[in-house]
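Here's upload.csv, which has CSV, C-alpha atoms:
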chain,number,residue,atom,x,y,z
A,1,MET,CA,27.4,-11.9,5.1
A,2,ALA,CA,24.0,-11.0,3.9
A,3,LYS,CA,23.9,-8.5,1.0
A,4,ILE,CA,21.2,-6.3,-0.6
A,5,ILE,CA,21.3,-7.2,-4.3
A,6,GLY,CA,18.5,-4.9,-5.4
A,7,GLY,CA,15.7,-2.6,-4.6
A,8,LEU,CA,12.3,-3.0,-6.2
A,9,THR,CA,9.1,-1.0,-6.1
A,10,THR,CA,5.6,-1.7,-7.1
A,11,SER,CA,2.0,-0.6,-6.4
A,12,HIS,CA,0.0,-3.0,-4.4
A,13,ILE,CA,-3.5,-2.3,-5.7
A,14,PRO,CA,-6.2,-4.9,-4.7
A,15,ALA,CA,-7.7,-4.9,-8.1
A,16,VAL,CA,-4.4,-6.2,-9.4
A,17,GLY,CA,-4.7,-9.1,-7.0
A,18,ASN,CA,-8.2,-9.9,-8.4
A,19,ALA,CA,-6.9,-9.6,-11.9
A,20,MET,CA,-4.1,-12.1,-11.2
A,21,ALA,CA,-6.6,-14.5,-9.5
A,22,SER,CA,-8.9,-14.2,-12.6
A,23,LYS,CA,-5.9,-14.6,-15.0
A,24,LEU,CA,-6.6,-11.3,-16.8
A,25,GLU,CA,-3.0,-10.6,-17.7
A,26,GLN,CA,-3.7,-10.6,-21.4
A,27,ASP,CA,-6.9,-8.6,-21.2
A,28,PRO,CA,-6.4,-5.3,-23.1
A,29,TYR,CA,-6.9,-3.2,-19.9
A,30,TRP,CA,-4.3,-5.1,-18.0
A,31,LYS,CA,-1.7,-6.2,-20.6
A,32,ARG,CA,0.6,-3.3,-20.7
A,33,PHE,CA,0.6,-3.1,-16.9
A,34,PHE,CA,1.5,-6.7,-16.4
A,35,ASP,CA,4.0,-6.9,-19.3
A,36,GLY,CA,6.0,-4.2,-17.6
A,37,TYR,CA,6.8,-6.7,-14.8
A,38,GLU,CA,8.3,-9.3,-17.1
A,39,PRO,CA,11.9,-7.9,-17.1
A,40,VAL,CA,11.9,-7.8,-13.3
A,41,LYS,CA,10.6,-11.3,-13.1
A,42,GLN,CA,13.4,-12.4,-15.5
A,43,TRP,CA,16.0,-10.6,-13.4
A,44,LEU,CA,14.7,-12.2,-10.2
A,45,ASP,CA,14.8,-15.6,-11.9
A,46,GLU,CA,18.5,-15.0,-12.8
A,47,VAL,CA,19.7,-13.6,-9.5
A,48,LYS,CA,17.5,-15.8,-7.3
A,49,PRO,CA,17.3,-13.8,-4.0
A,50,ASP,CA,17.0,-15.8,-0.8
A,51,LEU,CA,14.9,-13.3,0.9
A,52,ALA,CA,12.6,-10.3,0.3
A,53,ILE,CA,11.9,-7.6,2.8
A,54,ILE,CA,8.5,-6.2,1.8
A,55,VAL,CA,7.7,-2.7,3.0
A,56,TYR,CA,3.9,-2.2,2.9
A,57,ASN,CA,1.0,-1.0,4.9
A,58,ASP,CA,-1.7,-3.0,6.5
A,59,HIS,CA,-5.3,-1.9,5.5
A,60,GLY,CA,-7.3,-3.4,8.3
A,61,LEU,CA,-6.3,-7.1,8.4
A,62,ASN,CA,-3.6,-7.6,11.0
A,63,PHE,CA,-3.8,-4.2,12.7
A,64,PHE,CA,-7.1,-2.7,13.7
A,65,LEU,CA,-7.2,1.0,14.6
A,66,ASP,CA,-7.0,0.2,18.3
A,67,LYS,CA,-3.3,-0.4,18.1
A,68,VAL,CA,-1.3,1.1,15.3
A,69,PRO,CA,2.4,0.7,15.2
A,70,THR,CA,4.3,3.2,13.1
A,71,PHE,CA,6.8,0.5,12.1
A,72,ALA,CA,6.2,-3.2,12.7
A,73,LEU,CA,8.4,-6.1,11.7
A,74,GLY,CA,7.3,-9.7,11.1
A,75,CYS,CA,9.4,-12.0,13.3
A,76,ALA,CA,7.8,-15.4,12.4
A,77,ASP,CA,8.7,-18.5,10.4
A,78,SER,CA,5.6,-18.2,8.3
A,79,TYR,CA,3.0,-15.5,7.3
A,80,GLN,CA,-0.6,-16.2,6.5
A,81,ASN,CA,-2.8,-14.2,4.1
A,82,ALA,CA,-6.4,-14.0,5.2
A,83,ASP,CA,-9.9,-12.8,4.4
A,84,GLU,CA,-10.1,-9.0,4.2
A,85,GLY,CA,-13.8,-9.0,4.0
A,86,TRP,CA,-14.3,-8.1,0.3
A,87,GLY,CA,-13.4,-11.2,-1.6
A,88,ILE,CA,-9.8,-11.2,-2.8
A,89,PRO,CA,-8.8,-14.9,-2.9
A,90,ALA,CA,-6.3,-15.9,-0.2
A,91,SER,CA,-2.7,-16.9,-1.3
A,92,ALA,CA,-0.6,-19.7,0.1
A,93,ASP,CA,1.4,-19.0,3.3
A,94,VAL,CA,4.7,-17.3,2.8
A,95,PRO,CA,7.8,-18.7,4.5
A,96,GLY,CA,9.6,-16.3,6.8
A,97,ASP,CA,13.0,-16.4,8.5
A,98,ALA,CA,12.6,-15.7,12.2
A,99,GLN,CA,16.3,-15.7,13.0
A,100,PHE,CA,17.0,-13.0,10.3
A,101,SER,CA,13.9,-11.0,11.5
A,102,TRP,CA,15.1,-11.0,15.1
A,103,HIS,CA,18.6,-9.9,14.0
A,104,LEU,CA,17.0,-7.1,12.0
A,105,ALA,CA,14.9,-6.1,15.1
A,106,GLU,CA,18.0,-6.0,17.3
A,107,SER,CA,20.0,-4.0,14.9
A,108,LEU,CA,17.2,-1.5,14.1
A,109,ILE,CA,16.4,-0.9,17.7
A,110,ARG,CA,20.2,-0.4,18.4
A,111,GLN,CA,20.1,2.2,15.6
A,112,GLU,CA,17.2,3.9,17.4
A,113,PHE,CA,14.3,2.6,15.2
A,114,ASP,CA,12.1,1.3,18.0
A,115,ILE,CA,10.2,-1.1,15.8
A,116,THR,CA,7.3,-3.3,17.0
A,117,THR,CA,8.1,-7.0,16.7
A,118,CYS,CA,5.3,-9.4,15.6
A,119,GLN,CA,5.4,-13.1,16.2
A,120,GLU,CA,2.1,-13.5,14.5
A,121,MET,CA,1.3,-11.3,11.5
A,122,LEU,CA,-1.5,-11.7,9.0
A,123,VAL,CA,-0.4,-10.2,5.7
A,124,ASP,CA,-3.0,-8.4,3.5
A,125,HIS,CA,-3.0,-7.4,-0.2
A,126,GLY,CA,-0.3,-4.8,0.5
A,127,PHE,CA,2.1,-7.6,1.0
A,128,MET,CA,0.5,-10.4,-1.1
A,129,VAL,CA,-0.1,-8.4,-4.4
A,130,PRO,CA,3.7,-7.7,-4.7
A,131,MET,CA,4.6,-11.3,-3.8
A,132,ASN,CA,2.2,-12.5,-6.5
A,133,LEU,CA,3.3,-9.9,-9.1
A,134,PHE,CA,6.9,-11.1,-8.8
A,135,TRP,CA,6.6,-14.8,-8.0
A,136,ARG,CA,3.2,-16.2,-8.8
A,137,GLN,CA,4.7,-18.2,-11.7
A,138,TYR,CA,6.3,-20.6,-9.2
A,139,GLU,CA,4.4,-23.5,-7.7
A,140,GLN,CA,5.9,-22.7,-4.3
A,141,TRP,CA,7.3,-19.3,-3.2
A,142,PRO,CA,10.9,-19.4,-4.3
A,143,VAL,CA,12.0,-16.8,-1.6
A,144,LYS,CA,11.5,-16.3,2.1
A,145,ALA,CA,9.9,-13.0,3.0
A,146,ILE,CA,9.9,-10.6,5.9
A,147,PRO,CA,7.0,-8.1,6.2
A,148,LEU,CA,7.9,-4.6,7.3
A,149,ALA,CA,4.6,-2.7,7.9
A,150,VAL,CA,4.5,1.1,7.9
A,151,ASN,CA,1.4,2.9,9.2
A,152,THR,CA,0.1,5.0,6.3
A,153,VAL,CA,-3.5,4.7,7.4
A,154,GLN,CA,-4.1,6.4,10.8
A,155,HIS,CA,-2.4,9.8,11.1
A,156,PRO,CA,-0.1,11.1,12.4
A,157,LEU,CA,2.1,9.2,10.0
A,158,THR,CA,5.9,8.9,9.8
A,159,SER,CA,7.6,10.9,7.0
A,160,ALA,CA,9.5,10.3,3.8
A,161,ALA,CA,12.6,11.4,5.6
A,162,ARG,CA,12.2,8.9,8.4
A,163,CYS,CA,11.5,6.1,5.9
A,164,TYR,CA,14.7,7.0,4.0
A,165,LYS,CA,16.6,6.8,7.3
A,166,LEU,CA,15.0,3.5,8.1
A,167,GLY,CA,16.2,2.2,4.8
A,168,LYS,CA,19.7,3.2,5.6
A,169,ALA,CA,19.5,1.5,9.0
A,170,LEU,CA,18.0,-1.6,7.3
A,171,ARG,CA,21.0,-1.8,5.0
A,172,LYS,CA,23.3,-1.8,8.0
A,173,ALA,CA,21.2,-4.4,9.7
A,174,VAL,CA,21.2,-6.7,6.7
A,175,GLU,CA,24.9,-6.4,6.1
A,176,SER,CA,25.7,-7.3,9.7
A,177,TYR,CA,23.9,-10.7,9.4
A,178,PRO,CA,26.6,-13.4,9.3
A,179,GLU,CA,25.0,-15.8,6.9
A,180,ASP,CA,25.5,-15.4,3.2
A,181,MET,CA,22.1,-14.4,1.8
A,182,LYS,CA,20.9,-12.4,-1.1
A,183,VAL,CA,18.3,-9.9,-0.1
A,184,VAL,CA,16.0,-7.7,-2.1
A,185,VAL,CA,14.1,-4.8,-0.5
A,186,ILE,CA,10.6,-4.0,-2.0
A,187,GLY,CA,9.0,-0.7,-1.4
A,188,THR,CA,5.3,-0.9,-2.2
A,189,GLY,CA,2.2,1.3,-2.6
A,190,GLY,CA,1.4,4.5,-4.4
A,191,LEU,CA,1.7,6.2,-6.7
A,192,SER,CA,-0.9,9.0,-6.9
A,193,HIS,CA,-4.4,8.0,-5.8
A,194,GLN,CA,-7.1,9.2,-3.6
A,195,LEU,CA,-9.9,6.8,-2.6
A,196,GLN,CA,-11.9,9.0,-0.3
A,197,GLY,CA,-14.0,12.2,-0.4
A,198,GLU,CA,-15.2,14.4,-3.2
A,199,ARG,CA,-11.6,14.6,-4.4
A,200,ALA,CA,-11.5,10.8,-5.0
A,201,GLY,CA,-10.0,9.7,-8.3
A,202,ILE,CA,-7.1,12.1,-8.7
A,203,ILE,CA,-4.1,10.9,-10.6
A,204,ASP,CA,-1.1,13.2,-11.2
A,205,VAL,CA,1.1,11.7,-13.9
A,206,ASP,CA,3.6,14.6,-13.7
A,207,PHE,CA,4.1,14.3,-10.0
A,208,ASP,CA,4.4,10.5,-10.2
A,209,LEU,CA,7.2,10.8,-12.8
A,210,LYS,CA,8.9,13.5,-10.9
A,211,CYS,CA,8.8,11.2,-7.8
A,212,ILE,CA,10.3,8.3,-9.7
A,213,ASP,CA,13.1,10.5,-11.1
A,214,LYS,CA,13.9,12.0,-7.8
A,215,ILE,CA,13.8,8.7,-5.9
A,216,ILE,CA,16.3,7.4,-8.3
A,217,ASN,CA,18.6,10.5,-8.7
A,218,GLU,CA,18.0,12.8,-5.8
A,219,PRO,CA,16.3,11.0,-3.0
A,220,GLN,CA,16.9,13.8,-0.6
A,221,TRP,CA,14.4,15.9,-2.6
A,222,MET,CA,11.8,13.3,-1.9
A,223,ALA,CA,12.9,13.0,1.8
A,224,ASP,CA,12.4,16.8,2.2
A,225,LEU,CA,8.7,16.7,1.1
A,226,SER,CA,6.1,17.1,3.8
A,227,ASN,CA,3.2,14.6,4.1
A,228,ASP,CA,0.8,17.6,3.6
A,229,TYR,CA,2.5,18.4,0.3
A,230,ILE,CA,2.5,14.8,-0.9
A,231,MET,CA,-1.2,14.3,0.0
A,232,GLU,CA,-2.1,17.5,-1.8
A,233,LYS,CA,-0.3,16.4,-5.0
A,234,ALA,CA,-0.7,12.6,-4.9
A,235,GLY,CA,-3.8,12.2,-2.8
A,236,THR,CA,-4.4,10.9,0.7
A,237,GLU,CA,-3.5,7.3,-0.3
A,238,GLY,CA,-0.7,8.5,-2.6
A,239,ILE,CA,1.2,9.1,0.7
A,240,GLU,CA,2.2,5.4,0.4
A,241,VAL,CA,5.0,6.5,-1.8
A,242,ILE,CA,7.0,7.3,1.4
A,243,MET,CA,7.5,3.5,1.7
A,244,TRP,CA,9.5,3.5,-1.6
A,245,MET,CA,12.0,5.6,0.4
A,246,VAL,CA,12.8,2.7,2.7
A,247,MET,CA,13.8,0.7,-0.4
A,248,ARG,CA,15.9,3.7,-1.6
A,249,GLY,CA,17.6,4.2,1.7
A,250,ALA,CA,18.7,0.6,1.6
A,251,LEU,CA,20.8,1.2,-1.6
A,252,THR,CA,23.9,3.3,-2.2
A,253,ASP,CA,23.6,7.0,-2.9
A,254,ARG,CA,24.0,6.4,-6.6
A,255,VAL,CA,22.1,3.6,-8.2
A,256,ASP,CA,21.8,1.8,-11.6
A,257,VAL,CA,18.3,1.7,-13.1
A,258,LEU,CA,17.7,-1.8,-14.5
A,259,HIS,CA,14.0,-1.3,-15.1
A,260,LYS,CA,11.5,1.6,-15.0
A,261,HIS,CA,7.8,1.1,-15.8
A,262,TYR,CA,4.7,3.3,-15.3
A,263,HIS,CA,1.1,2.8,-16.2
A,264,ALA,CA,-2.0,4.8,-15.5
A,265,PRO,CA,-4.7,4.4,-14.6
A,266,ILE,CA,-4.8,0.9,-12.9
A,267,SER,CA,-8.0,0.9,-10.9
A,268,ASN,CA,-7.7,4.3,-9.2
A,269,THR,CA,-4.0,4.6,-9.3
A,270,GLY,CA,-0.9,5.6,-11.1
A,271,ALA,CA,1.2,2.5,-11.0
A,272,GLY,CA,5.0,2.4,-11.0
A,273,VAL,CA,7.7,-0.3,-11.1
A,274,LEU,CA,11.4,0.1,-10.4
A,275,LEU,CA,14.3,-2.2,-10.3
A,276,LEU,CA,17.5,-0.6,-8.9
A,277,THR,CA,20.9,-1.8,-7.8
A,278,ASP,CA,23.8,-0.2,-6.1
A,279,ALA,CA,25.8,1.7,-8.7
A,280,GLU,CA,28.6,-0.3,-10.1
A,281,SER,CA,30.9,2.6,-10.7
B,1,MET,CA,-10.3,20.7,24.8
B,2,VAL,CA,-9.5,21.2,21.2
B,3,TRP,CA,-8.4,19.1,18.2
B,4,ASN,CA,-5.3,20.3,16.6
B,5,ARG,CA,-5.6,22.0,13.2
B,6,HIS,CA,-3.5,20.8,10.3
B,7,GLU,CA,-2.4,22.1,6.9
B,8,TYR,CA,-4.1,19.1,5.3
B,9,ASP,CA,-7.5,20.3,6.7
B,10,ASP,CA,-7.5,22.8,3.8
B,11,ILE,CA,-7.3,20.2,1.0
B,12,PRO,CA,-10.8,20.3,-0.5
B,13,GLY,CA,-13.0,17.2,-0.6
B,14,THR,CA,-10.6,15.3,1.6
B,15,TYR,CA,-11.0,13.7,5.0
B,16,VAL,CA,-7.5,12.8,6.3
B,17,PHE,CA,-8.0,10.0,8.8
B,18,ASP,CA,-6.4,11.4,11.9
B,19,GLY,CA,-7.1,11.2,15.7
B,20,LYS,CA,-10.2,13.3,15.5
B,21,ARG,CA,-11.9,11.0,12.9
B,22,ALA,CA,-10.4,7.8,14.4
B,23,ASN,CA,-12.0,8.9,17.7
B,24,SER,CA,-15.4,9.7,16.4
B,25,GLY,CA,-15.5,6.7,14.0
B,26,TYR,CA,-14.2,4.1,16.4
B,27,ALA,CA,-17.3,2.0,16.9
B,28,LEU,CA,-18.1,2.2,13.2
B,29,ASN,CA,-14.6,1.1,12.1
B,30,ARG,CA,-14.6,-1.6,14.7
B,31,MET,CA,-17.8,-3.0,13.3
B,32,ALA,CA,-16.4,-2.9,9.8
B,33,PHE,CA,-13.2,-4.7,11.0
B,34,SER,CA,-15.4,-7.5,12.3
B,35,PHE,CA,-16.5,-8.2,8.7
B,36,ASN,CA,-13.1,-9.9,8.1
B,37,SER,CA,-14.9,-12.9,9.5
B,38,GLU,CA,-17.4,-14.7,7.3
B,39,ALA,CA,-19.6,-15.6,10.3
B,40,ASN,CA,-19.8,-12.0,11.2
B,41,ARG,CA,-20.7,-11.0,7.7
B,42,LYS,CA,-23.6,-13.5,7.8
B,43,GLU,CA,-24.8,-12.2,11.1
B,44,PHE,CA,-24.7,-8.6,9.8
B,45,ALA,CA,-26.5,-9.5,6.6
B,46,ALA,CA,-29.2,-11.3,8.5
B,47,ASP,CA,-30.1,-8.2,10.6
B,48,MET,CA,-28.0,-5.1,9.9
B,49,ASP,CA,-29.8,-2.9,12.3
B,50,ALA,CA,-29.3,-5.2,15.2
B,51,TYR,CA,-25.6,-5.7,14.3
B,52,CYS,CA,-25.0,-1.9,14.3
B,53,ARG,CA,-26.7,-1.6,17.7
B,54,LYS,CA,-24.5,-4.4,19.0
B,55,TYR,CA,-21.4,-2.5,18.0
B,56,GLY,CA,-22.7,0.7,19.6
B,57,LEU,CA,-22.9,2.9,16.5
B,58,SER,CA,-24.6,6.3,16.8
B,59,ASP,CA,-28.1,6.6,15.2
B,60,GLU,CA,-26.6,8.7,12.5
B,61,GLN,CA,-23.8,6.2,11.8
B,62,ARG,CA,-26.3,3.3,11.8
B,63,GLU,CA,-28.6,5.0,9.3
B,64,ALA,CA,-25.7,5.9,7.0
B,65,VAL,CA,-24.5,2.2,7.1
B,66,LEU,CA,-28.0,0.9,6.4
B,67,ASN,CA,-28.7,3.4,3.6
B,68,GLY,CA,-25.2,3.1,2.0
B,69,GLU,CA,-24.5,6.9,2.4
B,70,PHE,CA,-20.8,6.8,1.8
B,71,LEU,CA,-19.9,10.4,2.0
B,72,LYS,CA,-21.8,10.7,5.2
B,73,LEU,CA,-19.9,7.7,6.6
B,74,LEU,CA,-16.7,9.6,5.9
B,75,HIS,CA,-18.1,12.6,7.7
B,76,LEU,CA,-18.9,10.4,10.7
B,77,GLY,CA,-15.4,9.0,11.0
B,78,CYS,CA,-15.3,6.0,8.8
B,79,ASN,CA,-11.9,5.1,7.4
B,80,VAL,CA,-12.0,4.5,3.6
B,81,TYR,CA,-10.4,1.0,3.9
B,82,TYR,CA,-13.1,0.1,6.5
B,83,LEU,CA,-15.7,1.7,4.3
B,84,ALA,CA,-14.7,-0.8,1.6
B,85,LYS,CA,-15.7,-3.6,3.9
B,86,ILE,CA,-19.2,-2.1,4.4
B,87,ALA,CA,-19.6,-1.2,0.7
B,88,VAL,CA,-19.6,-4.9,-0.4
B,89,PHE,CA,-23.0,-5.3,1.3
B,90,HIS,CA,-24.4,-2.7,-1.1
B,91,GLY,CA,-22.8,-4.6,-4.0
B,92,LEU,CA,-20.2,-1.9,-4.4
B,93,ASN,CA,-16.4,-1.6,-4.4
B,94,VAL,CA,-14.1,1.3,-3.5
B,95,GLN,CA,-14.3,2.7,-7.1
B,96,ASP,CA,-18.1,2.8,-6.9
B,97,ALA,CA,-17.8,4.5,-3.5
B,98,GLY,CA,-15.4,7.0,-5.1
B,99,ALA,CA,-18.1,7.9,-7.6
B,100,ALA,CA,-20.8,8.1,-4.9
B,101,PHE,CA,-18.7,10.6,-2.9
B,102,GLN,CA,-19.1,13.1,-5.7
B,103,GLY,CA,-22.5,12.0,-7.0
B,104,ILE,CA,-21.3,10.7,-10.4
B,105,THR,CA,-21.7,7.3,-12.0
B,106,ALA,CA,-18.9,4.7,-11.8
B,107,ASP,CA,-18.5,5.1,-15.6
B,108,GLN,CA,-18.0,8.9,-15.2
B,109,PHE,CA,-15.5,8.2,-12.4
B,110,ARG,CA,-13.5,5.8,-14.5
B,111,GLN,CA,-13.6,8.4,-17.4
B,112,LYS,CA,-12.1,11.0,-14.9
B,113,LEU,CA,-9.3,8.6,-14.2
B,114,LEU,CA,-8.6,8.0,-17.9
B,115,ASP,CA,-8.8,11.8,-18.7
B,116,GLN,CA,-6.1,12.6,-16.1
B,117,SER,CA,-3.9,9.8,-17.4
B,118,ALA,CA,-4.4,10.7,-21.0
B,119,GLY,CA,-1.1,11.0,-22.9
B,120,PHE,CA,1.0,9.4,-20.2
B,121,GLN,CA,2.9,7.3,-22.7
B,122,ASP,CA,4.1,10.5,-24.5
B,123,ARG,CA,5.3,11.8,-21.1
B,124,LEU,CA,7.2,8.6,-20.6
B,125,GLN,CA,8.9,9.1,-24.0
B,126,GLN,CA,9.9,12.6,-23.0
B,127,GLU,CA,11.3,11.5,-19.7
B,128,GLY,CA,13.2,8.6,-21.3
B,129,GLY,CA,14.4,5.3,-20.0
B,130,TYR,CA,10.9,3.8,-19.5
B,131,TRP,CA,9.9,0.4,-20.5
B,132,HIS,CA,7.7,0.4,-23.6
B,133,GLY,CA,7.3,-3.3,-24.4
As structure tokens:
Amino acid sequence: MAKIIGGLTTSHIPAVGNAMASKLEQDPYWKRFFDGYEPVKQWLDEVKPDLAIIVYNDHGLNFFLDKVPTFALGCADSYQNADEGWGIPASADVPGDAQFSWHLAESLIRQEFDITTCQEMLVDHGFMVPMNLFWRQYEQWPVKAIPLAVNTVQHPLTSAARCYKLGKALRKAVESYPEDMKVVVIGTGGLSHQLQGERAGIIDVDFDLKCIDKIINEPQWMADLSNDYIMEKAGTEGIEVIMWMVMRGALTDRVDVLHKHYHAPISNTGAGVLLLTDAES
Amino acid sequence: MVWNRHEYDDIPGTYVFDGKRANSGYALNRMAFSFNSEANRKEFAADMDAYCRKYGLSDEQREAVLNGEFLKLLHLGCNVYYLAKIAVFHGLNVQDAGAAFQGITADQFRQKLLDQSAGFQDRLQQEGGYWHG
């Protein structure tokens, strides 16, 4: 039986992708941010997951605004990174697991999450920055990955509550797969940032830390927030935090915190990292 | 024929990208999406005016693209991620655009980010349980 062995979160800021490509990890601006990932990388190296489900949003690579699925699942054996138009270097293709994906799609749709299935899916920085943050030290990707794209770009968007429920459904889907596999679920994006308008450049450290605390200890609080409220506090792009709730829903009600890291600003953003597991007791 | 009103319409200095903006900015964003291809970027760079016309931008949208008027592009339905694909032709990134939206320099914009984050490590100590290196 497949099993979820942990939930991770990370921001997926493009500037972080450029910093990794330029090997700026020891640069004073970046050092504290990148150092905070080392304990997670060490844990991943020890537990060696077979597969990562990466919850992210596409920013105009695979999905143009003509067709915008609220939830879309990669169902391919391989995923390609590609040119987004502004110069982030492309990463190596990431191996998928089509059989696992189609199982997830069947289970999720049975559980009334009518997800879009994608047999071809270009993955942008939203997916690749997390892959690189956790696994770039390997010559070849040491895990297979499945992209789960959530529309956070073209409103109306889904909600934190719905993402939380999707996470719960995802757990059932994973646990009903017959093969023994170790799976991590990675919620990406956020935390507070607004890229657009005269209000661009807001960071709200207090709100970010409150979200982190509530996601860990009282996820229902987060699930009850409206998108309007989140955008007002965390900025229009800060809404991406709802994708962390997919990760949270995939874990048990109580969790153990193996790692908690925050840094601000990174580019325009308050950046958070979590490593959570089902509570042992 | 009316567009729905939303609570988020009252957030100042903010242009939530919803159906109303997606509709009015469709041609503009479609053009920006084409810049994912290097061949298209070259074609645009060679004759920006002609390329905008090929994609059916309004006169206002075309002028805003050519002049790099980023706030106006938001007003005319450009999505910020697609605006990023246009900004590179003006030698700018999203952070520079963020500064341009409010008429400040990129340095002032970065200072604003630093000011809001000031003291965050003390807040982490208060919260407890955070990694500190």
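The space separating atom CA of Ala82 of chain A from atom CA of Gly201 of chain A comes to 27.5 Å.
With all atoms listed in the file as the atoms that count, the minimum distance from chain B to the choices A:Glu175, A:Asp93, A:Glu38, A:Asp45 is reached by A:Glu38.
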Chain A near chain B within 6 Å: what's each residue's closest atom pair and its distance in Å to one decimal, counting all atoms listed in the file, ordered by chain then ascending residue number, as a Markdown table?
| residue | atom | partner | partner_atom | distance |
| --- | --- | --- | --- | --- |
| A:Asp83 | CA | B:Asn36 | CA | 5.7 |
| A:Glu84 | CA | B:Asn36 | CA | 5.0 |
| A:Gly85 | CA | B:Asn36 | CA | 4.3 |
| A:Trp86 | CA | B:Lys85 | CA | 5.9 |
| A:Gln154 | CA | B:Asp18 | CA | 5.6 |
| A:His155 | CA | B:Asp18 | CA | 4.4 |
| A:Gln196 | CA | B:Val80 | CA | 6.0 |
| A:Gly197 | CA | B:Thr14 | CA | 5.0 |
| A:Glu198 | CA | B:Gly13 | CA | 4.4 |
| A:Arg199 | CA | B:Gly13 | CA | 4.8 |
| A:Ala200 | CA | B:Gly98 | CA | 5.4 |
| A:Asp228 | CA | B:Tyr8 | CA | 5.4 |
| A:Lys260 | CA | B:Tyr130 | CA | 5.0 |
| A:His261 | CA | B:Trp131 | CA | 5.2 |
| A:Ala264 | CA | B:Ser117 | CA | 5.7 |
Ala92 of chain A surroundings by only C-alpha atoms, 9 Å radius, close-in-sequence under 3 positions cut, as a PyMOL selection string
chain A and resi 80-81+140-141
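Distance annotation: of B:Thr105, B:Gln61, B:Gln125, B:Asn4, the residue with the minimal separation from Tyr262 of chain A is B:Gln125; atom set is all atoms listed in the file.
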Which is closest to Val94 of chain A among A:Thr10, A:Asn132, A:Gln111, A:Thr70, if we use only C-alpha atoms?
A:Asn132
Need the neighbours of (-31.1, -0.4, 5.9): which residues are at most 12 Å away, counting all atoms listed in the file, as a PyMOL selection string?
chain B and resi 44-52+61-69+89-90
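Computed from the coordinates, the atom CA of Pro14 of chain A to atom CA of Gly126 of chain A distance equals 7.9 Å.
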Near-Cys75 of chain A list (8 Å; only C-alpha atoms; drop same-chain fewer than 6 positions) as a PDB file with C-alpha atoms, in the coordinates of the input:
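Result file follows (selection_16.pdb):
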ATOM      1  CA  GLY A  96       9.600 -16.300   6.800  1.00  0.00           C
ATOM      2  CA  ASP A  97      13.000 -16.400   8.500  1.00  0.00           C
ATOM      3  CA  ALA A  98      12.600 -15.700  12.200  1.00  0.00           C
ATOM      4  CA  GLN A  99      16.300 -15.700  13.000  1.00  0.00           C
ATOM      5  CA  SER A 101      13.900 -11.000  11.500  1.00  0.00           C
ATOM      6  CA  TRP A 102      15.100 -11.000  15.100  1.00  0.00           C
ATOM      7  CA  THR A 117       8.100  -7.000  16.700  1.00  0.00           C
ATOM      8  CA  CYS A 118       5.300  -9.400  15.600  1.00  0.00           C
ATOM      9  CA  GLN A 119       5.400 -13.100  16.200  1.00  0.00           C
ATOM     10  CA  GLU A 120       2.100 -13.500  14.500  1.00  0.00           C
ATOM     11  CA  ILE A 146       9.900 -10.600   5.900  1.00  0.00           C
TER      12      ILE A 146
END
Write only C-alpha atoms for segment 184-205 of chain A from the block just shown, as a PDB file, in the first residue's frame.
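Below is the file result13.pdb, written as the result:
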ATOM      1  CA  VAL A 184       5.389  13.125   0.103  1.00  0.00           C
ATOM      2  CA  VAL A 185       2.874  15.870  -0.649  1.00  0.00           C
ATOM      3  CA  ILE A 186       4.344  19.319  -1.269  1.00  0.00           C
ATOM      4  CA  GLY A 187       2.208  22.440  -0.983  1.00  0.00           C
ATOM      5  CA  THR A 188       3.880  25.354  -2.747  1.00  0.00           C
ATOM      6  CA  GLY A 189       3.499  29.092  -3.221  1.00  0.00           C
ATOM      7  CA  GLY A 190       2.954  32.030  -0.897  1.00  0.00           C
ATOM      8  CA  LEU A 191       3.343  33.355   1.608  1.00  0.00           C
ATOM      9  CA  SER A 192       2.380  37.033   1.595  1.00  0.00           C
ATOM     10  CA  HIS A 193       3.148  38.901  -1.601  1.00  0.00           C
ATOM     11  CA  GLN A 194       1.448  41.135  -4.106  1.00  0.00           C
ATOM     12  CA  LEU A 195       3.083  41.644  -7.483  1.00  0.00           C
ATOM     13  CA  GLN A 196       0.505  43.920  -9.094  1.00  0.00           C
ATOM     14  CA  GLY A 197      -0.970  47.390  -8.710  1.00  0.00           C
ATOM     15  CA  GLU A 198      -0.066  50.365  -6.542  1.00  0.00           C
ATOM     16  CA  ARG A 199      -0.282  47.983  -3.580  1.00  0.00           C
ATOM     17  CA  ALA A 200       2.544  45.794  -4.962  1.00  0.00           C
ATOM     18  CA  GLY A 201       5.217  44.896  -2.454  1.00  0.00           C
ATOM     19  CA  ILE A 202       3.198  44.106   0.640  1.00  0.00           C
ATOM     20  CA  ILE A 203       4.598  41.587   3.097  1.00  0.00           C
ATOM     21  CA  ASP A 204       2.753  40.794   6.318  1.00  0.00           C
ATOM     22  CA  VAL A 205       5.036  38.831   8.636  1.00  0.00           C
TER      23      VAL A 205
END
